[in-house]
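Here is query-v3.cif, consisting of mmCIF, C-alpha atoms:
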data_target
loop_
_atom_site.label_atom_id
_atom_site.label_comp_id
_atom_site.auth_asym_id
_atom_site.auth_seq_id
_atom_site.Cartn_x
_atom_site.Cartn_y
_atom_site.Cartn_z
CA MET F 315 116.38 155.81 88.43
CA HIS F 316 115.93 157.70 85.17
CA SER F 317 118.11 157.60 82.12
CA ASN F 318 116.11 158.79 79.14
CA PRO F 319 112.39 158.96 78.36
CA ALA F 320 112.28 156.25 75.72
CA GLN F 321 114.17 153.77 77.88
CA ASP F 322 111.95 154.58 80.85
CA THR F 323 108.82 153.88 78.86
CA MET F 324 110.19 150.57 77.67
CA SER F 325 111.34 149.40 81.09
CA GLU F 326 108.50 150.96 83.11
CA LYS F 327 106.94 147.64 84.07
CA LYS F 328 110.18 146.33 85.54
CA ILE F 329 110.96 149.21 87.91
CA ASP F 330 110.29 148.70 91.62
CA PRO F 331 110.52 152.18 93.09
CA ILE F 332 110.49 150.85 96.69
CA ARG F 333 113.91 150.49 98.34
CA PRO F 334 114.72 148.06 101.17
CA THR F 335 114.06 149.68 104.55
CA ASP F 336 117.30 150.44 106.41
CA ALA F 337 118.36 152.19 109.63
CA GLU F 338 118.65 155.53 107.87
CA ALA F 339 115.10 155.31 106.53
CA ARG F 340 113.73 154.35 109.98
CA SER F 341 115.59 157.22 111.61
CA LEU F 342 114.39 159.79 109.06
CA ALA F 343 110.78 158.57 109.33
CA LYS F 344 110.79 158.86 113.15
CA GLU F 345 112.35 162.31 112.94
CA LEU F 346 109.66 163.50 110.50
CA LEU F 347 106.83 162.13 112.65
CA ARG F 348 108.14 163.35 115.99
CA GLY F 349 109.16 166.74 114.66
CA ALA F 350 105.79 167.59 113.10
CA GLY F 351 103.54 170.27 114.63
CA PHE F 352 100.84 169.97 112.02
CA ALA F 353 99.87 167.54 109.27
CA ALA F 354 97.57 166.97 106.32
CA LEU F 355 94.88 164.52 107.45
CA GLY F 356 93.07 162.37 104.89
CA VAL F 357 89.69 160.94 105.83
CA LEU F 358 86.72 159.50 103.96
CA ASP F 359 83.93 162.01 103.39
CA PRO F 360 80.93 160.27 105.01
CA GLU F 361 78.54 161.77 102.42
CA THR F 362 80.39 160.56 99.33
CA GLY F 363 83.09 158.09 100.42
CA SER F 364 85.63 160.30 98.61
CA PRO F 365 88.91 161.37 100.18
CA MET F 366 88.98 164.69 102.05
CA VAL F 367 92.23 166.32 103.16
CA THR F 368 92.33 168.92 105.91
CA ARG F 369 94.99 170.46 108.15
CA VAL F 370 95.27 169.32 111.75
CA ALA F 371 97.65 169.92 114.62
CA ILE F 372 99.76 166.85 115.35
CA GLY F 373 101.88 165.61 118.23
CA THR F 374 102.89 162.29 119.70
CA ASP F 375 101.65 160.19 122.60
CA PHE F 376 104.14 158.96 125.23
CA ASP F 377 105.00 155.90 123.12
CA GLY F 378 105.59 157.98 119.98
CA ALA F 379 102.23 157.26 118.30
CA PRO F 380 100.80 160.25 116.44
CA VAL F 381 98.00 162.14 118.18
CA THR F 382 95.81 164.98 117.00
CA LEU F 383 93.52 167.42 118.80
CA VAL F 384 90.31 168.03 116.87
CA SER F 385 86.99 169.82 117.23
CA SER F 386 83.73 167.87 117.00
CA LEU F 387 82.47 170.80 114.90
CA SER F 388 84.95 169.97 112.12
CA GLN F 389 84.23 167.81 109.12
CA HIS F 390 87.22 165.56 109.69
CA THR F 391 86.00 164.65 113.17
CA THR F 392 82.55 163.73 111.84
CA ALA F 393 84.28 161.66 109.15
CA LEU F 394 86.57 159.86 111.63
CA ARG F 395 83.59 158.98 113.84
CA ALA F 396 81.93 157.38 110.80
CA ASN F 397 85.09 155.61 109.55
CA ALA F 398 88.32 155.45 111.56
CA ALA F 399 90.55 154.79 108.52
CA CYS F 400 92.77 157.79 107.89
CA SER F 401 96.19 158.97 106.75
CA VAL F 402 98.52 161.77 107.74
CA LEU F 403 101.27 163.44 105.75
CA VAL F 404 104.11 165.10 107.66
CA GLY F 405 107.39 166.72 106.64
CA GLU F 406 107.12 170.33 105.54
CA PRO F 407 109.22 171.40 102.57
CA ALA F 408 111.97 173.94 102.98
CA SER F 409 111.04 177.32 101.59
CA LYS F 410 113.58 176.97 98.76
CA GLY F 411 114.14 174.30 96.14
CA ASP F 412 111.74 171.75 94.69
CA PRO F 413 109.28 170.62 97.41
CA LEU F 414 109.27 167.15 95.83
CA THR F 415 112.91 166.65 96.81
CA HIS F 416 112.09 167.28 100.50
CA PRO F 417 111.57 164.17 102.68
CA ARG F 418 108.01 163.45 103.78
CA LEU F 419 106.15 160.63 105.46
CA THR F 420 102.69 159.25 104.67
CA VAL F 421 101.19 157.28 107.56
CA GLN F 422 98.10 155.09 107.30
CA CYS F 423 96.24 154.83 110.60
CA LYS F 424 93.07 153.96 112.45
CA ALA F 425 91.72 156.78 114.61
CA ARG F 426 90.86 156.09 118.27
CA PHE F 427 89.09 158.83 120.21
CA ILE F 428 90.34 159.46 123.76
CA SER F 429 87.58 160.57 126.13
CA ARG F 430 88.17 163.05 128.97
CA GLU F 431 87.40 160.24 131.40
CA ASP F 432 90.28 158.14 130.02
CA PRO F 433 93.10 157.97 132.62
CA GLY F 434 95.53 158.84 129.82
CA HIS F 435 93.72 162.09 129.01
CA GLU F 436 95.27 164.41 131.61
CA PRO F 437 98.91 163.36 131.02
CA LEU F 438 98.32 163.68 127.27
CA ARG F 439 96.79 167.15 127.77
CA GLU F 440 99.90 168.27 129.68
CA ARG F 441 102.19 166.76 127.05
CA TRP F 442 100.25 168.44 124.25
CA LEU F 443 100.39 171.88 125.91
CA ALA F 444 104.14 171.53 126.40
CA HIS F 445 104.55 171.12 122.63
CA HIS F 446 101.62 173.26 121.43
CA PRO F 447 101.43 176.13 123.97
CA LYS F 448 99.03 178.15 121.76
CA ALA F 449 96.46 175.35 122.13
CA LYS F 450 95.76 176.56 125.69
CA LEU F 451 93.30 179.00 124.08
CA TYR F 452 90.94 176.15 123.07
CA ILE F 453 92.13 172.81 124.49
CA ASP F 454 89.46 172.87 127.23
CA PHE F 455 86.55 173.82 125.00
CA GLY F 456 83.80 171.22 125.17
CA ASP F 457 84.03 170.33 121.49
CA PHE F 458 87.79 169.59 121.48
CA GLY F 459 89.23 166.15 122.05
CA PHE F 460 92.26 163.97 121.38
CA VAL F 461 92.43 161.30 118.74
CA ARG F 462 95.22 158.75 118.80
CA LEU F 463 96.28 157.55 115.36
CA GLU F 464 97.17 153.85 115.53
CA VAL F 465 99.76 153.32 112.82
CA GLU F 466 99.18 150.51 110.34
CA ARG F 467 101.93 151.28 107.87
CA ALA F 468 103.87 154.19 106.47
CA PHE F 469 105.51 155.32 103.25
CA LEU F 470 108.65 157.37 103.40
CA ASN F 471 109.64 159.47 100.45
CA GLY F 472 113.18 160.53 101.22
CA GLY F 473 113.36 162.69 98.10
CA PHE F 474 113.09 162.06 94.38
CA GLY F 475 113.14 158.30 93.68
CA LYS F 476 113.82 157.28 97.30
CA ALA F 477 110.69 155.49 98.49
CA TYR F 478 110.34 153.04 101.39
CA VAL F 479 107.47 151.08 102.93
CA LEU F 480 107.61 151.00 106.75
CA THR F 481 105.80 149.08 109.47
CA ALA F 482 104.67 150.43 112.85
CA ALA F 483 107.69 148.62 114.33
CA ASP F 484 110.00 150.52 111.95
CA LEU F 485 108.64 153.69 113.58
CA GLY F 486 109.38 152.31 117.05
CA LEU F 487 105.70 151.57 117.72
CA THR F 488 104.17 148.32 118.86
CA GLY F 489 101.37 148.82 116.28
CA MET U 460 82.09 180.70 118.38
CA HIS U 461 83.29 179.70 121.84
CA SER U 462 82.26 181.07 125.20
CA ASN U 463 82.99 178.48 127.87
CA PRO U 464 83.37 174.68 127.76
CA ALA U 465 80.15 173.82 129.61
CA GLN U 466 78.02 176.05 127.41
CA ASP U 467 79.72 174.71 124.30
CA THR U 468 78.95 171.15 125.27
CA MET U 469 75.31 171.99 125.91
CA SER U 470 74.80 173.92 122.69
CA GLU U 471 77.05 171.72 120.50
CA LYS U 472 74.20 170.30 118.43
CA LYS U 473 72.91 173.75 117.52
CA ILE U 474 76.15 175.24 116.17
CA ASP U 475 76.57 175.48 112.40
CA PRO U 476 80.25 176.23 111.90
CA ILE U 477 79.77 177.00 108.18
CA ARG U 478 79.46 180.69 107.28
CA PRO U 479 77.64 182.04 104.20
CA THR U 480 80.02 182.25 101.23
CA ASP U 481 80.88 185.86 100.37
CA ALA U 482 83.18 187.72 97.95
CA GLU U 483 86.01 187.72 100.47
CA ALA U 484 85.84 183.93 100.90
CA ARG U 485 85.79 183.39 97.11
CA SER U 486 88.76 185.69 96.65
CA LEU U 487 90.80 184.02 99.40
CA ALA U 488 90.02 180.53 98.07
CA LYS U 489 91.12 181.46 94.52
CA GLU U 490 94.29 183.05 95.87
CA LEU U 491 95.16 179.90 97.87
CA LEU U 492 94.55 177.61 94.90
CA ARG U 493 96.35 179.73 92.30
CA GLY U 494 99.26 180.52 94.59
CA ALA U 495 100.06 176.91 95.52
CA GLY U 496 103.20 175.19 94.20
CA PHE U 497 102.59 171.93 96.03
CA ALA U 498 99.72 170.26 97.84
CA ALA U 499 98.72 167.32 99.99
CA LEU U 500 96.84 164.88 97.76
CA GLY U 501 94.35 162.44 99.27
CA VAL U 502 93.47 159.31 97.32
CA LEU U 503 91.93 155.93 98.09
CA ASP U 504 94.51 153.18 98.62
CA PRO U 505 93.44 150.58 96.02
CA GLU U 506 94.54 147.72 98.31
CA THR U 507 92.52 148.75 101.36
CA GLY U 508 90.11 151.53 100.34
CA SER U 509 91.64 153.66 103.11
CA PRO U 510 92.72 157.25 102.59
CA MET U 511 96.34 157.88 101.63
CA VAL U 512 97.89 161.37 101.66
CA THR U 513 101.01 162.21 99.69
CA ARG U 514 102.75 165.38 98.51
CA VAL U 515 102.40 166.45 94.91
CA ALA U 516 103.38 169.45 92.85
CA ILE U 517 100.38 171.55 91.89
CA GLY U 518 99.62 174.24 89.34
CA THR U 519 96.63 175.44 87.39
CA ASP U 520 95.33 174.82 83.90
CA PHE U 521 94.48 177.80 81.65
CA ASP U 522 90.97 178.04 83.13
CA GLY U 523 92.24 177.98 86.72
CA ALA U 524 91.48 174.29 87.40
CA PRO U 525 94.12 172.56 89.54
CA VAL U 526 96.59 170.33 87.72
CA THR U 527 99.30 168.04 89.03
CA LEU U 528 102.28 166.32 87.40
CA VAL U 529 102.74 162.77 88.66
CA SER U 530 104.85 159.70 88.02
CA SER U 531 103.22 156.41 87.08
CA LEU U 532 105.71 154.80 89.49
CA SER U 533 104.05 156.53 92.47
CA GLN U 534 101.36 155.04 94.64
CA HIS U 535 99.02 158.01 94.22
CA THR U 536 99.03 157.58 90.44
CA THR U 537 98.16 153.89 90.73
CA ALA U 538 95.40 154.87 93.16
CA LEU U 539 93.98 157.59 90.89
CA ARG U 540 93.88 155.19 87.95
CA ALA U 541 91.80 152.80 90.09
CA ASN U 542 89.53 155.51 91.54
CA ALA U 543 89.51 159.11 90.30
CA ALA U 544 88.00 160.54 93.51
CA CYS U 545 90.59 162.67 95.31
CA SER U 546 91.17 165.75 97.40
CA VAL U 547 93.90 168.37 97.63
CA LEU U 548 94.82 170.64 100.52
CA VAL U 549 96.60 173.91 99.72
CA GLY U 550 97.63 176.93 101.79
CA GLU U 551 100.91 176.57 103.62
CA PRO U 552 101.12 177.93 107.16
CA ALA U 553 103.42 180.82 107.96
CA SER U 554 106.51 179.70 109.86
CA LYS U 555 105.31 181.48 113.02
CA GLY U 556 102.08 181.31 115.00
CA ASP U 557 99.48 178.54 115.27
CA PRO U 558 99.23 176.75 111.87
CA LEU U 559 95.50 176.23 112.54
CA THR U 560 94.90 179.97 112.29
CA HIS U 561 96.41 180.06 108.78
CA PRO U 562 93.91 179.95 105.86
CA ARG U 563 93.78 176.74 103.86
CA LEU U 564 91.58 175.20 101.20
CA THR U 565 90.39 171.61 100.86
CA VAL U 566 89.25 170.75 97.34
CA GLN U 567 87.35 167.60 96.38
CA CYS U 568 87.99 166.55 92.81
CA LYS U 569 87.85 163.90 90.15
CA ALA U 570 91.18 163.19 88.45
CA ARG U 571 91.39 163.19 84.66
CA PHE U 572 94.64 162.02 83.07
CA ILE U 573 95.91 164.09 80.14
CA SER U 574 97.76 162.03 77.55
CA ARG U 575 100.74 163.35 75.57
CA GLU U 576 98.59 163.06 72.45
CA ASP U 577 96.00 165.45 73.89
CA PRO U 578 96.13 168.80 72.01
CA GLY U 579 96.15 170.54 75.40
CA HIS U 580 99.31 168.72 76.52
CA GLU U 581 101.98 170.91 74.93
CA PRO U 582 100.49 174.27 76.04
CA LEU U 583 100.04 172.83 79.54
CA ARG U 584 103.65 171.58 79.54
CA GLU U 585 104.88 175.11 78.69
CA ARG U 586 102.63 176.66 81.34
CA TRP U 587 103.84 174.18 83.96
CA LEU U 588 107.51 174.83 83.22
CA ALA U 589 106.94 178.59 83.50
CA HIS U 590 105.68 178.08 87.07
CA HIS U 591 107.77 175.04 88.07
CA PRO U 592 111.12 175.57 86.30
CA LYS U 593 112.82 172.81 88.34
CA ALA U 594 110.42 170.29 86.75
CA LYS U 595 112.46 170.50 83.51
CA LEU U 596 114.69 167.82 85.08
CA TYR U 597 111.93 165.19 84.84
CA ILE U 598 108.88 166.54 82.98
CA ASP U 599 109.79 164.60 79.81
CA PHE U 600 110.51 161.27 81.52
CA GLY U 601 108.25 158.55 80.16
CA ASP U 602 106.57 157.86 83.49
CA PHE U 603 105.49 161.48 84.13
CA GLY U 604 102.14 162.87 83.09
CA PHE U 605 99.59 165.57 83.86
CA VAL U 606 96.40 165.02 85.78
CA ARG U 607 93.69 167.64 85.73
CA LEU U 608 91.67 167.80 88.93
CA GLU U 609 88.05 168.58 88.10
CA VAL U 610 86.69 170.44 91.12
CA GLU U 611 83.46 169.18 92.66
CA ARG U 612 83.41 171.31 95.81
CA ALA U 613 85.75 172.97 98.23
CA PHE U 614 85.99 173.84 101.92
CA LEU U 615 87.74 177.03 102.93
CA ASN U 616 89.04 177.39 106.44
CA GLY U 617 89.89 181.06 106.75
CA GLY U 618 91.29 180.60 110.24
CA PHE U 619 89.89 179.44 113.56
CA GLY U 620 86.09 179.19 113.35
CA LYS U 621 85.84 180.63 109.82
CA ALA U 622 84.63 177.79 107.58
CA TYR U 623 82.94 178.02 104.20
CA VAL U 624 81.63 175.52 101.64
CA LEU U 625 82.39 176.56 98.04
CA THR U 626 81.28 175.37 94.63
CA ALA U 627 83.43 175.09 91.50
CA ALA U 628 81.72 178.31 90.33
CA ASP U 629 82.84 180.08 93.54
CA LEU U 630 86.40 179.25 92.43
CA GLY U 631 85.75 180.72 88.99
CA LEU U 632 85.50 177.28 87.37
CA THR U 633 82.73 175.95 85.21
CA GLY U 634 82.82 172.66 87.16
#
Let's see the structure in the file written out as structure tokens.
Amino acid sequence: MHSNPAQDTMSEKKIDPIRPTDAEARSLAKELLRGAGFAALGVLDPETGSPMVTRVAIGTDFDGAPVTLVSSLSQHTTALRANAACSVLVGEPASKGDPLTHPRLTVQCKARFISREDPGHEPLRERWLAHHPKAKLYIDFGDFGFVRLEVERAFLNGGFGKAYVLTAADLGLTG
Amino acid sequence: MHSNPAQDTMSEKKIDPIRPTDAEARSLAKELLRGAGFAALGVLDPETGSPMVTRVAIGTDFDGAPVTLVSSLSQHTTALRANAACSVLVGEPASKGDPLTHPRLTVQCKARFISREDPGHEPLRERWLAHHPKAKLYIDFGDFGFVRLEVERAFLNGGFGKAYVLTAADLGLTG
């Protein structure tokens, strides 16, 4: 993508950094999402409307949609109740090398809270514990609950200069 | 914080999960911010107003304020030019144990772009390369530039149930 600084500056307006989505990009994106145990969650701070990024545990629902388990005492939960628009970043860098060359996936979502009375709650609880066994310490606390993240679109960065825009369908989701 | 689920549900409204900020919290927050090489950056998607979280390299300016180096070809840079409100999450989990027990820091900021003509640019460029030597591959490309993140406030999560609200002054910054 880059040749030399002067040329880049001159041609900056013409560069489209987004590549056409292909099977390899879809496969890498699914792998990043399904392999993640935690994520950076971006929400809108209800007091200011500014972005706020926190760490959450992440897993997937039976159809592959991302799910998180959050406490109602946390700021992100208060924020998601006020505005369901959110984003998660998954794909942890290797411990060596430049973290910006490591593939990562940004997902834009709408949060949907799953109540304990929902028929899907118990199967999801079992699925979550199978993947996050340490959560058994707090999963049944009264303030904890599941939030399903309905995917609207995603951005894959497969490493320096390899960017893709993906749909829910690209991630194998019905959206 | 937790005793049993029923009691938690009953007393939920009364719990303030934020602890008083102390010297230990200030010290941990500074350590997390100054020790970070990359971060999750939350911005507002200019198309939708929704949050968008991406990975960026992070470092500090000479006064300890967080700084990032971004490409004008990236979505987060476009977003920051449209709305300077942003947030960064730093503090990478250890590879073992529950990532939610690992300390992390959420910072809410306003982005300020630093032009190459700014007298602070060259010293900052040298400082950045000392901490991010791999950036020499692209730091001088025409589309790359520094963004200083002026801290407005921060939230420290020192591990399960240990939350603090911090000011810029708590982080040793003049704000």
Checklist entry - Evaluating the PyMOL selection byres ((chain F) within 8 of (chain U)) on the displayed file yields which residues, as a VMD selection string? => result chain F and resid 316 318 to 323 326 329 to 331 352 354 to 358 364 to 371 387 to 388 399 to 403 412 to 414 418 to 422 448 454 to 457
Apply the PyMOL selection byres ((chain F and resi 461) around 10) to the structure shown and report the selected residues as a PDB file with C-alpha atoms, in the coordinates of the input.
ATOM      1  CA  ILE F 372      99.760 166.850 115.350  1.00  0.00           C
ATOM      2  CA  PRO F 380     100.800 160.250 116.440  1.00  0.00           C
ATOM      3  CA  VAL F 381      98.000 162.140 118.180  1.00  0.00           C
ATOM      4  CA  THR F 382      95.810 164.980 117.000  1.00  0.00           C
ATOM      5  CA  LEU F 383      93.520 167.420 118.800  1.00  0.00           C
ATOM      6  CA  VAL F 384      90.310 168.030 116.870  1.00  0.00           C
ATOM      7  CA  THR F 391      86.000 164.650 113.170  1.00  0.00           C
ATOM      8  CA  LEU F 394      86.570 159.860 111.630  1.00  0.00           C
ATOM      9  CA  LYS F 424      93.070 153.960 112.450  1.00  0.00           C
ATOM     10  CA  ALA F 425      91.720 156.780 114.610  1.00  0.00           C
ATOM     11  CA  ARG F 426      90.860 156.090 118.270  1.00  0.00           C
ATOM     12  CA  PHE F 427      89.090 158.830 120.210  1.00  0.00           C
ATOM     13  CA  ILE F 428      90.340 159.460 123.760  1.00  0.00           C
ATOM     14  CA  SER F 429      87.580 160.570 126.130  1.00  0.00           C
ATOM     15  CA  PHE F 458      87.790 169.590 121.480  1.00  0.00           C
ATOM     16  CA  GLY F 459      89.230 166.150 122.050  1.00  0.00           C
ATOM     17  CA  PHE F 460      92.260 163.970 121.380  1.00  0.00           C
ATOM     18  CA  ARG F 462      95.220 158.750 118.800  1.00  0.00           C
ATOM     19  CA  LEU F 463      96.280 157.550 115.360  1.00  0.00           C
ATOM     20  CA  GLU F 464      97.170 153.850 115.530  1.00  0.00           C
TER      21      GLU F 464
END
Next on the checklist: Just want the 7 Å neighbourhood of segment 480-487 of chain U, counted on all atoms listed in the file, with same-chain residues fewer than 5 positions away dropped. Output as a PyMOL selection string.
Outcome noted: chain U and resi 623-625+629-630
Can I get the selection written as a PDB file, in the coordinates of the input, with C-alpha atoms?
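Result written to result_12.pdb:
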ATOM      1  CA  TYR U 623      82.940 178.020 104.200  1.00  0.00           C
ATOM      2  CA  VAL U 624      81.630 175.520 101.640  1.00  0.00           C
ATOM      3  CA  LEU U 625      82.390 176.560  98.040  1.00  0.00           C
ATOM      4  CA  ASP U 629      82.840 180.080  93.540  1.00  0.00           C
ATOM      5  CA  LEU U 630      86.400 179.250  92.430  1.00  0.00           C
TER       6      LEU U 630
END
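Between atom CA of Ala343 of chain F and atom CA of Arg441 of chain F the separation is 21.3 Å.
Residue nearest Thr415 of chain F within the list F:Gly472, F:Thr488, F:Lys344, F:Ala483: F:Gly472 [criterion: smallest interatomic distance, all atoms listed in the file].
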Chain F post-superposition (all in-order Cα pairs with chain U) as a short mmCIF file (atom, residue, chain, number, x, y, z; two decimals) with C-alpha atoms, in the frame of the given file:
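Below is the file result_3.cif, written as the result:
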data_model
loop_
_atom_site.label_atom_id
_atom_site.label_comp_id
_atom_site.auth_asym_id
_atom_site.auth_seq_id
_atom_site.Cartn_x
_atom_site.Cartn_y
_atom_site.Cartn_z
CA MET F 315 82.18 180.91 118.44
CA HIS F 316 83.34 179.78 121.87
CA SER F 317 82.37 181.17 125.22
CA ASN F 318 83.05 178.57 127.88
CA PRO F 319 83.39 174.78 127.83
CA ALA F 320 80.19 173.95 129.67
CA GLN F 321 78.08 176.19 127.46
CA ASP F 322 79.73 174.77 124.35
CA THR F 323 78.90 171.24 125.38
CA MET F 324 75.30 172.16 126.02
CA SER F 325 74.81 174.03 122.76
CA GLU F 326 77.03 171.81 120.59
CA LYS F 327 74.16 170.39 118.56
CA LYS F 328 72.92 173.84 117.57
CA ILE F 329 76.16 175.27 116.18
CA ASP F 330 76.55 175.47 112.40
CA PRO F 331 80.23 176.18 111.88
CA ILE F 332 79.73 176.95 108.15
CA ARG F 333 79.43 180.64 107.26
CA PRO F 334 77.62 182.00 104.19
CA THR F 335 80.00 182.22 101.23
CA ASP F 336 80.85 185.84 100.36
CA ALA F 337 83.16 187.69 97.96
CA GLU F 338 85.99 187.69 100.48
CA ALA F 339 85.81 183.92 100.91
CA ARG F 340 85.76 183.36 97.12
CA SER F 341 88.73 185.67 96.66
CA LEU F 342 90.78 184.00 99.42
CA ALA F 343 89.99 180.51 98.08
CA LYS F 344 91.11 181.43 94.53
CA GLU F 345 94.27 183.03 95.89
CA LEU F 346 95.14 179.89 97.89
CA LEU F 347 94.54 177.60 94.90
CA ARG F 348 96.34 179.71 92.32
CA GLY F 349 99.25 180.52 94.60
CA ALA F 350 100.04 176.91 95.54
CA GLY F 351 103.19 175.19 94.22
CA PHE F 352 102.57 171.94 96.03
CA ALA F 353 99.70 170.26 97.84
CA ALA F 354 98.71 167.30 99.99
CA LEU F 355 96.83 164.86 97.75
CA GLY F 356 94.34 162.42 99.27
CA VAL F 357 93.47 159.30 97.30
CA LEU F 358 91.94 155.92 98.07
CA ASP F 359 94.51 153.17 98.59
CA PRO F 360 93.46 150.58 95.99
CA GLU F 361 94.56 147.70 98.26
CA THR F 362 92.54 148.72 101.31
CA GLY F 363 90.13 151.50 100.29
CA SER F 364 91.64 153.63 103.09
CA PRO F 365 92.72 157.23 102.58
CA MET F 366 96.35 157.87 101.60
CA VAL F 367 97.87 161.35 101.65
CA THR F 368 101.00 162.20 99.69
CA ARG F 369 102.74 165.37 98.52
CA VAL F 370 102.40 166.44 94.90
CA ALA F 371 103.39 169.46 92.85
CA ILE F 372 100.38 171.56 91.90
CA GLY F 373 99.61 174.25 89.35
CA THR F 374 96.62 175.44 87.40
CA ASP F 375 95.33 174.84 83.89
CA PHE F 376 94.49 177.83 81.66
CA ASP F 377 90.97 178.05 83.12
CA GLY F 378 92.24 177.96 86.71
CA ALA F 379 91.49 174.28 87.39
CA PRO F 380 94.11 172.56 89.54
CA VAL F 381 96.59 170.33 87.73
CA THR F 382 99.29 168.04 89.03
CA LEU F 383 102.27 166.33 87.40
CA VAL F 384 102.74 162.79 88.66
CA SER F 385 104.86 159.72 88.01
CA SER F 386 103.22 156.42 87.05
CA LEU F 387 105.72 154.82 89.45
CA SER F 388 104.07 156.54 92.43
CA GLN F 389 101.38 155.05 94.60
CA HIS F 390 99.04 157.99 94.19
CA THR F 391 99.04 157.60 90.41
CA THR F 392 98.17 153.90 90.69
CA ALA F 393 95.41 154.86 93.13
CA LEU F 394 93.99 157.60 90.87
CA ARG F 395 93.90 155.19 87.91
CA ALA F 396 91.83 152.80 90.04
CA ASN F 397 89.55 155.50 91.51
CA ALA F 398 89.53 159.11 90.28
CA ALA F 399 88.02 160.53 93.49
CA CYS F 400 90.58 162.65 95.29
CA SER F 401 91.16 165.75 97.40
CA VAL F 402 93.88 168.36 97.63
CA LEU F 403 94.81 170.62 100.52
CA VAL F 404 96.58 173.90 99.73
CA GLY F 405 97.62 176.90 101.80
CA GLU F 406 100.91 176.52 103.63
CA PRO F 407 101.10 177.90 107.16
CA ALA F 408 103.40 180.77 107.97
CA SER F 409 106.46 179.67 109.88
CA LYS F 410 105.27 181.46 113.04
CA GLY F 411 102.04 181.28 115.01
CA ASP F 412 99.47 178.51 115.25
CA PRO F 413 99.20 176.72 111.87
CA LEU F 414 95.48 176.20 112.54
CA THR F 415 94.88 179.94 112.30
CA HIS F 416 96.38 180.04 108.78
CA PRO F 417 93.89 179.93 105.87
CA ARG F 418 93.76 176.70 103.87
CA LEU F 419 91.57 175.18 101.20
CA THR F 420 90.37 171.58 100.86
CA VAL F 421 89.24 170.73 97.33
CA GLN F 422 87.34 167.58 96.38
CA CYS F 423 87.99 166.55 92.79
CA LYS F 424 87.84 163.87 90.13
CA ALA F 425 91.18 163.18 88.46
CA ARG F 426 91.40 163.18 84.64
CA PHE F 427 94.65 162.03 83.06
CA ILE F 428 95.93 164.10 80.12
CA SER F 429 97.79 162.03 77.53
CA ARG F 430 100.77 163.37 75.56
CA GLU F 431 98.64 163.08 72.43
CA ASP F 432 96.03 165.47 73.87
CA PRO F 433 96.18 168.82 71.99
CA GLY F 434 96.18 170.55 75.39
CA HIS F 435 99.33 168.73 76.52
CA GLU F 436 102.01 170.94 74.95
CA PRO F 437 100.52 174.29 76.06
CA LEU F 438 100.06 172.85 79.56
CA ARG F 439 103.68 171.62 79.56
CA GLU F 440 104.90 175.13 78.71
CA ARG F 441 102.64 176.67 81.34
CA TRP F 442 103.84 174.19 83.96
CA LEU F 443 107.53 174.86 83.23
CA ALA F 444 106.95 178.60 83.51
CA HIS F 445 105.68 178.09 87.08
CA HIS F 446 107.77 175.05 88.07
CA PRO F 447 111.13 175.58 86.30
CA LYS F 448 112.83 172.80 88.34
CA ALA F 449 110.43 170.29 86.76
CA LYS F 450 112.46 170.49 83.53
CA LEU F 451 114.70 167.82 85.08
CA TYR F 452 111.93 165.18 84.85
CA ILE F 453 108.89 166.54 82.98
CA ASP F 454 109.80 164.59 79.81
CA PHE F 455 110.50 161.28 81.50
CA GLY F 456 108.27 158.55 80.12
CA ASP F 457 106.57 157.87 83.44
CA PHE F 458 105.50 161.49 84.11
CA GLY F 459 102.15 162.89 83.08
CA PHE F 460 99.61 165.58 83.86
CA VAL F 461 96.42 165.02 85.77
CA ARG F 462 93.69 167.65 85.73
CA LEU F 463 91.67 167.82 88.93
CA GLU F 464 88.03 168.57 88.09
CA VAL F 465 86.68 170.43 91.11
CA GLU F 466 83.46 169.17 92.66
CA ARG F 467 83.41 171.29 95.79
CA ALA F 468 85.75 172.96 98.23
CA PHE F 469 85.98 173.83 101.90
CA LEU F 470 87.71 177.00 102.94
CA ASN F 471 89.01 177.35 106.44
CA GLY F 472 89.88 181.01 106.74
CA GLY F 473 91.27 180.53 110.25
CA PHE F 474 89.87 179.36 113.56
CA GLY F 475 86.06 179.10 113.35
CA LYS F 476 85.80 180.57 109.83
CA ALA F 477 84.62 177.75 107.59
CA TYR F 478 82.91 177.99 104.19
CA VAL F 479 81.61 175.49 101.64
CA LEU F 480 82.36 176.53 98.03
CA THR F 481 81.27 175.34 94.61
CA ALA F 482 83.43 175.09 91.48
CA ALA F 483 81.72 178.30 90.32
CA ASP F 484 82.82 180.06 93.53
CA LEU F 485 86.39 179.25 92.43
CA GLY F 486 85.74 180.73 88.98
CA LEU F 487 85.51 177.28 87.36
CA THR F 488 82.75 175.94 85.18
CA GLY F 489 82.93 172.63 87.12
#
Checklist entry - By how many Å are atom CA of Glu581 of chain U and atom CA of Ala495 of chain U apart? => result 21.5 Å
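Atom pair atom CA of Asp520 of chain U / atom CA of Arg540 of chain U: separated by 20.1 Å.
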